[in-house]
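Okay, upload_11.cif is below, mmCIF, C-alpha atoms:
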```cif
data_entry
#
loop_
_atom_site.label_atom_id
_atom_site.label_comp_id
_atom_site.auth_asym_id
_atom_site.auth_seq_id
_atom_site.Cartn_x
_atom_site.Cartn_y
_atom_site.Cartn_z
CA MET A 1 19.86 26.34 13.27
CA LYS A 2 20.50 25.47 9.63
CA LYS A 3 17.94 22.65 9.82
CA HIS A 4 15.28 25.00 11.22
CA LEU A 5 16.00 27.58 8.53
CA GLY A 6 15.57 24.92 5.86
CA LEU A 7 12.25 23.82 7.36
CA ALA A 8 11.06 27.44 7.57
CA LEU A 9 12.04 27.98 3.94
CA ARG A 10 10.11 24.88 2.80
CA ILE A 11 7.02 25.95 4.74
CA THR A 12 7.23 29.47 3.32
CA VAL A 13 7.58 28.20 -0.25
CA SER A 14 4.68 25.74 0.23
CA VAL A 15 2.40 28.45 1.67
CA GLY A 16 3.39 30.79 -1.16
CA LEU A 17 2.60 28.20 -3.80
CA LEU A 18 -0.79 27.46 -2.21
CA ALA A 19 -1.59 31.17 -2.00
CA PHE A 20 -0.64 31.62 -5.66
CA ALA A 21 -2.79 28.64 -6.70
CA PHE A 22 -5.84 29.88 -4.80
CA SER A 23 -5.36 33.41 -6.16
CA ARG A 24 -5.81 32.03 -9.69
CA VAL A 25 -9.22 30.53 -9.04
CA PRO A 26 -12.41 32.19 -7.72
CA LEU A 27 -13.43 31.49 -4.14
CA TRP A 28 -17.18 31.74 -4.83
CA ASP A 29 -19.45 30.85 -7.75
CA LYS A 30 -19.73 33.71 -10.25
CA VAL A 31 -22.69 34.40 -12.53
CA PRO A 32 -22.04 37.08 -15.22
CA LEU A 33 -25.11 39.14 -16.15
CA ARG A 34 -25.98 40.92 -19.40
CA SER A 35 -25.90 44.22 -17.50
CA GLY A 36 -22.17 43.71 -16.97
CA ALA A 37 -22.48 42.90 -13.26
CA VAL A 38 -21.27 39.67 -11.71
CA VAL A 39 -23.18 37.99 -8.87
CA GLU A 40 -20.99 36.00 -6.46
CA GLY A 41 -22.20 33.42 -3.99
CA ARG A 42 -23.04 29.75 -3.57
CA MET A 43 -25.14 28.11 -6.26
CA ILE A 44 -28.13 26.21 -4.90
CA SER A 45 -29.55 24.79 -8.12
CA MET A 46 -29.39 25.32 -11.88
CA ASP A 47 -31.56 24.34 -14.84
CA GLU A 48 -32.21 25.60 -18.35
CA ASN A 49 -34.59 28.30 -17.09
CA GLU A 50 -32.86 29.79 -14.04
CA ILE A 51 -30.07 29.69 -11.50
CA ARG A 52 -30.76 29.87 -7.77
CA LEU A 53 -27.85 31.39 -5.88
CA ALA A 54 -27.20 32.51 -2.30
CA PRO A 55 -25.16 35.74 -2.69
CA CYS A 56 -22.12 36.27 -0.45
CA GLY A 57 -23.03 37.74 2.92
CA GLU A 58 -26.79 37.37 2.40
CA ALA A 59 -29.19 34.80 3.83
CA ILE A 60 -31.72 35.14 1.00
CA ILE A 61 -31.66 33.03 -2.15
CA GLN A 62 -31.62 34.97 -5.42
CA THR A 63 -33.23 33.58 -8.56
CA ILE A 64 -31.58 34.65 -11.82
CA PRO A 65 -33.51 33.94 -15.05
CA ALA A 66 -31.49 32.32 -17.83
CA ASP A 67 -32.15 35.21 -20.24
CA GLN A 68 -30.28 37.58 -17.88
CA ILE A 69 -27.12 35.49 -17.84
CA ASP A 70 -24.31 36.45 -20.19
CA GLY A 71 -21.66 33.79 -20.37
CA THR A 72 -20.89 30.69 -18.37
CA LEU A 73 -21.17 30.10 -14.65
CA VAL A 74 -17.74 29.96 -13.00
CA ARG A 75 -17.58 27.52 -10.10
CA GLY A 76 -15.78 28.62 -6.94
CA VAL A 77 -13.52 26.73 -4.58
CA ILE A 78 -15.50 27.20 -1.36
CA PRO A 79 -18.86 25.85 -2.68
CA VAL A 80 -17.11 22.89 -4.30
CA PHE A 81 -15.27 22.04 -1.08
CA GLY A 82 -18.56 22.31 0.78
CA LYS A 83 -19.94 19.41 -1.26
CA VAL A 84 -16.91 17.15 -0.81
CA ARG A 85 -17.38 13.99 1.24
CA TRP A 86 -14.16 14.28 3.20
CA ALA A 87 -14.24 10.71 4.45
CA TRP A 88 -13.92 9.47 0.86
CA VAL A 89 -11.03 11.89 0.32
CA CYS A 90 -9.14 10.99 3.50
CA ILE A 91 -9.46 7.20 3.19
CA PRO A 92 -7.39 6.95 -0.05
CA PHE A 93 -4.67 9.18 1.45
CA LEU A 94 -4.60 6.94 4.52
CA LEU A 95 -4.32 3.83 2.37
CA ILE A 96 -1.54 5.42 0.29
CA GLY A 97 0.34 6.24 3.50
CA ILE A 98 0.03 2.64 4.71
CA LEU A 99 1.10 1.31 1.30
CA ASN A 100 4.21 3.53 1.22
CA ALA A 101 5.07 2.44 4.77
CA ILE A 102 4.93 -1.21 3.64
CA VAL A 103 7.14 -0.35 0.65
CA ALA A 104 9.64 1.33 3.02
CA VAL A 105 9.72 -1.74 5.28
CA ARG A 106 10.21 -4.06 2.28
CA TRP A 107 13.02 -1.95 0.84
CA ARG A 108 14.73 -1.63 4.24
CA MET A 109 14.72 -5.43 4.59
CA LEU A 110 16.21 -5.80 1.12
CA ALA A 111 18.85 -3.16 1.85
CA GLN A 112 19.84 -4.93 5.07
CA THR A 113 20.38 -8.21 3.20
CA VAL A 114 23.14 -6.55 1.13
CA GLY A 115 24.73 -4.84 4.13
CA ILE A 116 23.12 -1.38 3.90
CA SER A 117 21.97 -0.04 7.25
CA LEU A 118 18.86 2.14 7.03
CA SER A 119 16.52 3.31 9.74
CA LEU A 120 12.81 2.89 9.07
CA ARG A 121 12.40 6.67 9.08
CA SER A 122 15.16 7.15 6.51
CA ALA A 123 13.71 4.41 4.31
CA TYR A 124 10.26 6.00 4.45
CA GLU A 125 11.64 9.47 3.70
CA LEU A 126 13.56 8.19 0.69
CA VAL A 127 10.53 6.27 -0.58
CA MET A 128 8.45 9.45 -0.37
CA ILE A 129 11.18 11.48 -2.11
CA GLY A 130 11.30 8.86 -4.85
CA LEU A 131 7.50 8.94 -5.15
CA PHE A 132 7.58 12.71 -5.56
CA LEU A 133 10.33 12.61 -8.19
CA SER A 134 8.52 9.82 -10.07
CA MET A 135 5.80 12.37 -10.87
CA LEU A 136 8.31 14.43 -12.89
CA PRO A 137 8.98 13.78 -16.61
CA LEU A 138 11.60 11.11 -15.82
CA GLY A 139 8.85 8.89 -14.42
CA ALA A 140 9.33 6.02 -11.99
CA ALA A 141 12.97 5.63 -13.06
CA GLY A 142 13.69 9.13 -11.77
CA GLY A 143 12.48 8.23 -8.29
CA ASP A 144 14.55 5.04 -8.25
CA ILE A 145 17.66 6.89 -9.42
CA ALA A 146 17.21 9.50 -6.70
CA ARG A 147 16.90 6.79 -4.03
CA ALA A 148 20.04 5.10 -5.32
CA VAL A 149 21.99 8.37 -5.29
CA PHE A 150 20.94 9.21 -1.73
CA VAL A 151 21.75 5.75 -0.36
CA ALA A 152 25.04 5.43 -2.25
CA GLN A 153 26.46 8.69 -0.84
CA GLY A 154 29.62 8.03 1.15
CA LYS A 155 29.73 4.32 0.29
CA SER A 156 32.60 2.70 -1.60
CA ASP A 157 30.41 -0.02 -3.13
CA LYS A 158 27.77 1.68 -5.28
CA THR A 159 26.39 -1.60 -6.61
CA LYS A 160 24.54 -2.71 -3.47
CA PRO A 161 22.16 0.30 -3.24
CA VAL A 162 21.28 -0.09 -6.91
CA LEU A 163 20.77 -3.84 -6.43
CA SER A 164 18.42 -3.34 -3.47
CA ILE A 165 16.31 -0.82 -5.40
CA PHE A 166 16.25 -3.01 -8.52
CA VAL A 167 15.03 -6.04 -6.58
CA ASP A 168 12.50 -3.85 -4.77
CA ARG A 169 11.16 -2.65 -8.12
CA VAL A 170 10.98 -6.20 -9.48
CA LEU A 171 9.04 -7.37 -6.41
CA GLY A 172 6.64 -4.46 -6.80
CA ILE A 173 5.99 -5.26 -10.45
CA LEU A 174 5.60 -8.97 -9.66
CA GLY A 175 3.07 -8.16 -6.96
CA LEU A 176 1.12 -6.01 -9.42
CA VAL A 177 1.16 -8.81 -12.00
CA ILE A 178 -0.13 -11.30 -9.42
CA LEU A 179 -2.89 -8.89 -8.39
CA ILE A 180 -4.00 -8.32 -11.98
CA SER A 181 -3.84 -12.05 -12.77
CA GLY A 182 -5.95 -12.83 -9.72
CA ALA A 183 -8.53 -10.23 -10.74
CA ILE A 184 -8.82 -11.73 -14.22
CA LEU A 185 -9.03 -15.25 -12.81
CA LEU A 186 -12.02 -14.17 -10.75
CA ALA A 187 -13.67 -13.00 -13.98
CA TRP A 188 -12.55 -16.00 -16.03
CA LYS A 189 -15.95 -16.53 -17.66
CA ASP A 190 -16.27 -12.89 -18.69
CA PRO A 191 -16.16 -12.84 -22.53
CA ARG A 192 -14.18 -9.58 -22.50
CA PHE A 193 -11.16 -11.47 -21.12
CA GLU A 194 -11.26 -14.51 -23.42
CA GLU A 195 -8.24 -13.33 -25.44
CA THR A 196 -6.18 -12.71 -22.29
CA HIS A 197 -6.60 -16.13 -20.63
CA THR A 198 -3.45 -17.59 -22.18
CA TRP A 199 -1.43 -14.48 -21.37
CA VAL A 200 -2.62 -14.52 -17.77
CA LEU A 201 -1.67 -18.17 -17.30
CA GLY A 202 1.71 -17.64 -18.97
CA VAL A 203 2.57 -14.55 -16.93
CA GLY A 204 1.38 -16.23 -13.74
CA LEU A 205 3.58 -19.27 -14.34
CA LEU A 206 6.54 -17.05 -15.28
CA GLY A 207 6.04 -15.08 -12.07
#
```
Would it be possible to restate this file's structure as structure tokens?
Amino acid sequence: MKKHLGLALRITVSVGLLAFAFSRVPLWDKVPLRSGAVVEGRMISMDENEIRLAPCGEAIIQTIPADQIDGTLVRGVIPVFGKVRWAWVCIPFLLIGILNAIVAVRWRMLAQTVGISLSLRSAYELVMIGLFLSMLPLGAAGGDIARAVFVAQGKSDKTKPVLSIFVDRVLGILGLVILISGAILLAWKDPRFEETHTWVLGVGLLG
């Protein structure tokens, strides 16, 4: 029962935050006129002479001359979302989900090597919690600290959770270094990277 109440509370808070956010922005494009009126709808086109707009609830397209406009056009949420290519929005989220799943598997393997038993689900949940907390002012360190605290709860040896997270972070940074070094190696003849050649070779060898 307590678990369901917690889930209901999180959903309620999330819906409330979304409702508050959408209440602070206009749903439709707004064009203020010199007469004091405001025309709302979906903007079709705009140039220095006029704005063509389909008013809310009407099938006709209204043309508003530039000399009748007083102020700046305010873009609305609904028309903007209507122009979004959702495939290009969903693909990055899918890739991020796959990446975080790989990170969870890697960290779980590292944790198991030092005697910490974690289910894949728990590892993924803690990785996502750490990712969320890394967006706060503490940065990536805040997410790592949170993971260490969660894993270390109820364990006599607090060093092993910290060790697993530290090694996981080092492997992540090393992978990023290798990726960047490989990208620069592919563009070795590019004059913009001439000053970085020595650094790339040195970091690659150190890695």
(message) When you count all atoms listed in the file, which of these residues is closest to Gly130 (chain A): A:Gln62, A:Asn100, A:Thr12, A:Ser45?
(response) A:Asn100
(request) Between A:Asp67, A:Glu194, A:Glu50, A:Glu58, single out the one closest to Leu33 (chain A), counting only C-alpha atoms. (result) A:Asp67
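For the set A:Val177, A:Met128, A:Leu185, A:Val39, the residue with the smallest atom-to-atom gap to Asp70 (chain A) is A:Val39, counting all atoms listed in the file.
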(request) Let me know the residues the PyMOL selection byres ((chain A and resi 140-153) around 10) catches in the file above, as an NGL selection string. (result) :A and (111 or 116-118 or 122-123 or 125-139 or 154-166 or 168-169)
Could you write out the selected residues, including C-alpha atoms, as a compact mmCIF listing (two decimals), in the frame of the given file?
```txt
# COMPACT_ATOMS: atom_id res chain seq x y z
CA ALA A 111 18.85 -3.16 1.85
CA ILE A 116 23.12 -1.38 3.90
CA SER A 117 21.97 -0.04 7.25
CA LEU A 118 18.86 2.14 7.03
CA SER A 122 15.16 7.15 6.51
CA ALA A 123 13.71 4.41 4.31
CA GLU A 125 11.64 9.47 3.70
CA LEU A 126 13.56 8.19 0.69
CA VAL A 127 10.53 6.27 -0.58
CA MET A 128 8.45 9.45 -0.37
CA ILE A 129 11.18 11.48 -2.11
CA GLY A 130 11.30 8.86 -4.85
CA LEU A 131 7.50 8.94 -5.15
CA PHE A 132 7.58 12.71 -5.56
CA LEU A 133 10.33 12.61 -8.19
CA SER A 134 8.52 9.82 -10.07
CA MET A 135 5.80 12.37 -10.87
CA LEU A 136 8.31 14.43 -12.89
CA PRO A 137 8.98 13.78 -16.61
CA LEU A 138 11.60 11.11 -15.82
CA GLY A 139 8.85 8.89 -14.42
CA GLY A 154 29.62 8.03 1.15
CA LYS A 155 29.73 4.32 0.29
CA SER A 156 32.60 2.70 -1.60
CA ASP A 157 30.41 -0.02 -3.13
CA LYS A 158 27.77 1.68 -5.28
CA THR A 159 26.39 -1.60 -6.61
CA LYS A 160 24.54 -2.71 -3.47
CA PRO A 161 22.16 0.30 -3.24
CA VAL A 162 21.28 -0.09 -6.91
CA LEU A 163 20.77 -3.84 -6.43
CA SER A 164 18.42 -3.34 -3.47
CA ILE A 165 16.31 -0.82 -5.40
CA PHE A 166 16.25 -3.01 -8.52
CA ASP A 168 12.50 -3.85 -4.77
CA ARG A 169 11.16 -2.65 -8.12
```
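The residue that comes closest to Trp28 (chain A), out of A:Val80, A:Leu186, A:Val103, A:Leu95 and on the basis of only C-alpha atoms, is A:Val80.
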